[in-house]
Amino acid sequence: MRVLIVEDDRTAADFLAKALGEAGFQTEITGDGEAGFDSATSSKFGVLIVDRMLPKLDGLKLVERLRERGDTTPVLILSALGAVDDRVKGLRSGGDDYLPKPYSLVELVARVEALARRGPTERAVTTYAVGDLVLDRLSHKVSRGGETIVLQPREYRLLEYLMKHAGQVVTRTMLLENVWDYHFDPQTNVIDVHISRLRSKIDKGQGKPLLETVRGAGYMIRDERR
């Protein structure tokens, strides 16, 4: 399998190529973002390794352009910026994995092998939106009408599951198994309590309630598009 390395530090790129070559990969190196984009769009690669800080075209912009073209080749982003917000930006740009510098070559090769096994896939859903209610799965932030909503961890998991199945009735059993990890009914009102708290946070003061109780069946986030 061929791997494209887009890295302006030639010494680092050569080390990467050597390590990947020993693991059985064929590699090609480009030293700037524009050349990397040209190579990625003119030849077929199994995995792309893209440094974030590149001359001519920033690494994140490179990945964004590839995704806009419908290119789903797995991308590993390398960066000296390792804060959570930086990793989130890298993944949002279309990256499949993000490895902060300095890194272990052994770990890098293992990550490339994992991406190679995965191959091109449909992009994972990172945001759920119903009307003006938005849930960002990468940052775990929720907002409605542009206003941030603060949720407790269990409330967040509950809303995430409901929004994933927006427009569909979600039963108590489904919630117990997928939100609480129960495979039995504890015969408590734990779901009702959390639904009530969640409803007060996402629907209170809003003109159009989204969280609906379907009597005798379960609950649903109403999605008028479905």
# chains A, B, ... in the order shown; residues from 1 in each chain; ligands from 1
>>> residues_around(residues="stretch 55-62 of chain A", least_positions_apart="6", cutoff="7 Å", atoms="only C-alpha atoms", output="PyMOL selection string")
chain A and resi 32-34+37+90+93
>>> select_by_dssp(residues="stretch 67-192 of chain A", states="alpha helix (DSSP H)", output="VMD selection string")
chain A and resid 67 to 68 84 to 92 105 to 118 153 to 164 172 to 178 190 to 192
>>> residues_around(residues="stretch 103-112 of chain A", least_positions_apart="6", cutoff="10 Å", atoms="only C-alpha atoms", output="VMD selection string")
chain A and resid 3 15 to 16 19 to 23 25 46 to 49 74 to 76 78 to 80 97 118
>>> write_last_selection(atoms="C-alpha atoms", output="PDB file, in the first residue's frame")
ATOM      1  CA  VAL A   3       1.415   6.243   1.738  1.00  0.00           C
ATOM      2  CA  PHE A  15      12.591   8.970   9.093  1.00  0.00           C
ATOM      3  CA  LEU A  16       8.874   8.404   8.510  1.00  0.00           C
ATOM      4  CA  ALA A  19       9.942   3.362   9.310  1.00  0.00           C
ATOM      5  CA  LEU A  20       6.958   2.842   7.009  1.00  0.00           C
ATOM      6  CA  GLY A  21       9.124   1.132   4.412  1.00  0.00           C
ATOM      7  CA  GLU A  22      10.293  -1.355   7.031  1.00  0.00           C
ATOM      8  CA  ALA A  23       6.627  -2.017   7.832  1.00  0.00           C
ATOM      9  CA  PHE A  25       4.538   0.418   2.882  1.00  0.00           C
ATOM     10  CA  GLY A  46      -4.011   4.110   0.897  1.00  0.00           C
ATOM     11  CA  VAL A  47      -3.212   6.631   3.655  1.00  0.00           C
ATOM     12  CA  LEU A  48      -2.124  10.271   3.774  1.00  0.00           C
ATOM     13  CA  ILE A  49       0.159  11.622   6.513  1.00  0.00           C
ATOM     14  CA  PRO A  74      -7.807   8.097   5.505  1.00  0.00           C
ATOM     15  CA  VAL A  75      -5.685  10.990   6.801  1.00  0.00           C
ATOM     16  CA  LEU A  76      -3.364  11.093   9.795  1.00  0.00           C
ATOM     17  CA  LEU A  78       0.746  15.417  12.547  1.00  0.00           C
ATOM     18  CA  SER A  79       1.154  18.588  14.592  1.00  0.00           C
ATOM     19  CA  ALA A  80       3.181  20.244  17.314  1.00  0.00           C
ATOM     20  CA  ASP A  97      -6.578  10.610  13.296  1.00  0.00           C
ATOM     21  CA  ARG A 118     -10.082   0.783   7.585  1.00  0.00           C
TER      22      ARG A 118
END
>>> select_by_dssp(residues="chain A", states="strand (DSSP E or B)", output="number ranges by chain")
A: 2-6, 26-30, 47-51, 75-79, 97-100, 127-130, 133-136, 141-144, 147-149, 170, 211-214, 218-221
>>> residues_around(residues="A:His165", least_positions_apart="2", cutoff="10 Å", atoms="only C-alpha atoms", output="PyMOL selection string")
chain A and resi 128+159-163+167-170+220-223
>>> closest_residue(among="A:Thr171, A:Glu155, A:Arg87, A:Glu177", to="A:Ser196", atoms="only C-alpha atoms")
A:Glu155
>>> residues_around(residues="A:Val134", least_positions_apart="6", cutoff="8 Å", atoms="only C-alpha atoms", output="list in words")
Thr127, Tyr128, Val142, Ser143 and Arg144 of chain A
>>> residues_around(residues="A:Asp38", least_positions_apart="5", cutoff="12 Å", atoms="only C-alpha atoms", output="list in words")
Leu4, Val6, Ile29, Thr30, Gly31, Asp32, Gly33, Ser43, Lys44, Leu57, Leu62, Val63, Arg65 and Leu66 of chain A
>>> residues_around(residues="A:Thr126", least_positions_apart="4", cutoff="12 Å", atoms="only C-alpha atoms", output="JSON, numbers by chain")
{"A": [88, 89, 91, 92, 93, 94, 95, 96, 122, 134, 135, 136, 137, 138, 139, 140, 141, 160, 164]}
>>> write_last_selection(atoms="N, CA and C atoms", output="JSON list (two decimals), in the first residue's frame")
[["chain", "number", "residue", "atom", "x", "y", "z"],
["A", 88, "VAL", "N", -9.45, 18.83, 17.96],
["A", 88, "VAL", "CA", -10.83, 18.95, 17.46],
["A", 88, "VAL", "C", -10.83, 19.61, 16.08],
["A", 89, "LYS", "N", -10.04, 20.68, 15.92],
["A", 89, "LYS", "CA", -9.96, 21.36, 14.62],
["A", 89, "LYS", "C", -9.44, 20.41, 13.54],
["A", 91, "LEU", "N", -9.68, 17.12, 13.44],
["A", 91, "LEU", "CA", -10.70, 16.12, 13.09],
["A", 91, "LEU", "C", -11.85, 16.75, 12.32],
["A", 92, "ARG", "N", -12.20, 17.96, 12.69],
["A", 92, "ARG", "CA", -13.28, 18.65, 11.98],
["A", 92, "ARG", "C", -12.90, 18.96, 10.54],
["A", 93, "SER", "N", -11.63, 19.18, 10.29],
["A", 93, "SER", "CA", -11.21, 19.49, 8.92],
["A", 93, "SER", "C", -11.36, 18.29, 8.00],
["A", 94, "GLY", "N", -11.52, 17.10, 8.60],
["A", 94, "GLY", "CA", -11.67, 15.89, 7.79],
["A", 94, "GLY", "C", -10.63, 14.84, 8.11],
["A", 95, "GLY", "N", -9.76, 15.12, 9.09],
["A", 95, "GLY", "CA", -8.76, 14.12, 9.47],
["A", 95, "GLY", "C", -9.40, 12.93, 10.16],
["A", 96, "ASP", "N", -8.79, 11.77, 9.99],
["A", 96, "ASP", "CA", -9.29, 10.55, 10.64],
["A", 96, "ASP", "C", -8.56, 10.27, 11.95],
["A", 122, "GLU", "N", -17.26, 6.27, 4.47],
["A", 122, "GLU", "CA", -18.09, 7.46, 4.56],
["A", 122, "GLU", "C", -17.66, 8.23, 5.80],
["A", 134, "VAL", "N", -28.46, 21.96, 18.16],
["A", 134, "VAL", "CA", -27.24, 21.41, 17.58],
["A", 134, "VAL", "C", -26.41, 20.71, 18.66],
["A", 135, "LEU", "N", -25.96, 19.50, 18.35],
["A", 135, "LEU", "CA", -25.09, 18.76, 19.25],
["A", 135, "LEU", "C", -23.80, 18.42, 18.51],
["A", 136, "ASP", "N", -22.67, 18.89, 19.03],
["A", 136, "ASP", "CA", -21.37, 18.65, 18.43],
["A", 136, "ASP", "C", -20.71, 17.49, 19.16],
["A", 137, "ARG", "N", -20.53, 16.37, 18.48],
["A", 137, "ARG", "CA", -20.00, 15.17, 19.12],
["A", 137, "ARG", "C", -18.51, 15.25, 19.42],
["A", 138, "LEU", "N", -17.80, 16.14, 18.74],
["A", 138, "LEU", "CA", -16.36, 16.26, 18.99],
["A", 138, "LEU", "C", -16.07, 17.10, 20.24],
["A", 139, "SER", "N", -16.75, 18.22, 20.37],
["A", 139, "SER", "CA", -16.52, 19.09, 21.52],
["A", 139, "SER", "C", -17.48, 18.83, 22.67],
["A", 140, "HIS", "N", -18.52, 18.01, 22.42],
["A", 140, "HIS", "CA", -19.56, 17.72, 23.40],
["A", 140, "HIS", "C", -20.32, 18.99, 23.80],
["A", 141, "LYS", "N", -20.45, 19.92, 22.86],
["A", 141, "LYS", "CA", -21.19, 21.14, 23.12],
["A", 141, "LYS", "C", -22.58, 21.06, 22.50],
["A", 160, "GLU", "N", -27.86, 12.81, 22.85],
["A", 160, "GLU", "CA", -27.14, 12.31, 21.68],
["A", 160, "GLU", "C", -27.87, 11.12, 21.06],
["A", 164, "LYS", "N", -29.67, 11.14, 17.45],
["A", 164, "LYS", "CA", -29.22, 10.16, 16.46],
["A", 164, "LYS", "C", -30.42, 9.49, 15.80]]
>>> closest_atom_pairs(of="stretch 135-177 of chain A", to="stretch 187-194 of chain A", cutoff="9 Å", atoms="only C-alpha atoms", output="Markdown table")
| residue | atom | partner | partner_atom | distance |
| --- | --- | --- | --- | --- |
| A:Arg154 | CA | A:His194 | CA | 8.0 |
| A:Glu155 | CA | A:His194 | CA | 6.5 |
| A:Leu158 | CA | A:His194 | CA | 8.1 |
| A:Arg172 | CA | A:Ile191 | CA | 7.5 |
| A:Leu175 | CA | A:Ile191 | CA | 7.9 |
| A:Leu176 | CA | A:Ile191 | CA | 7.9 |
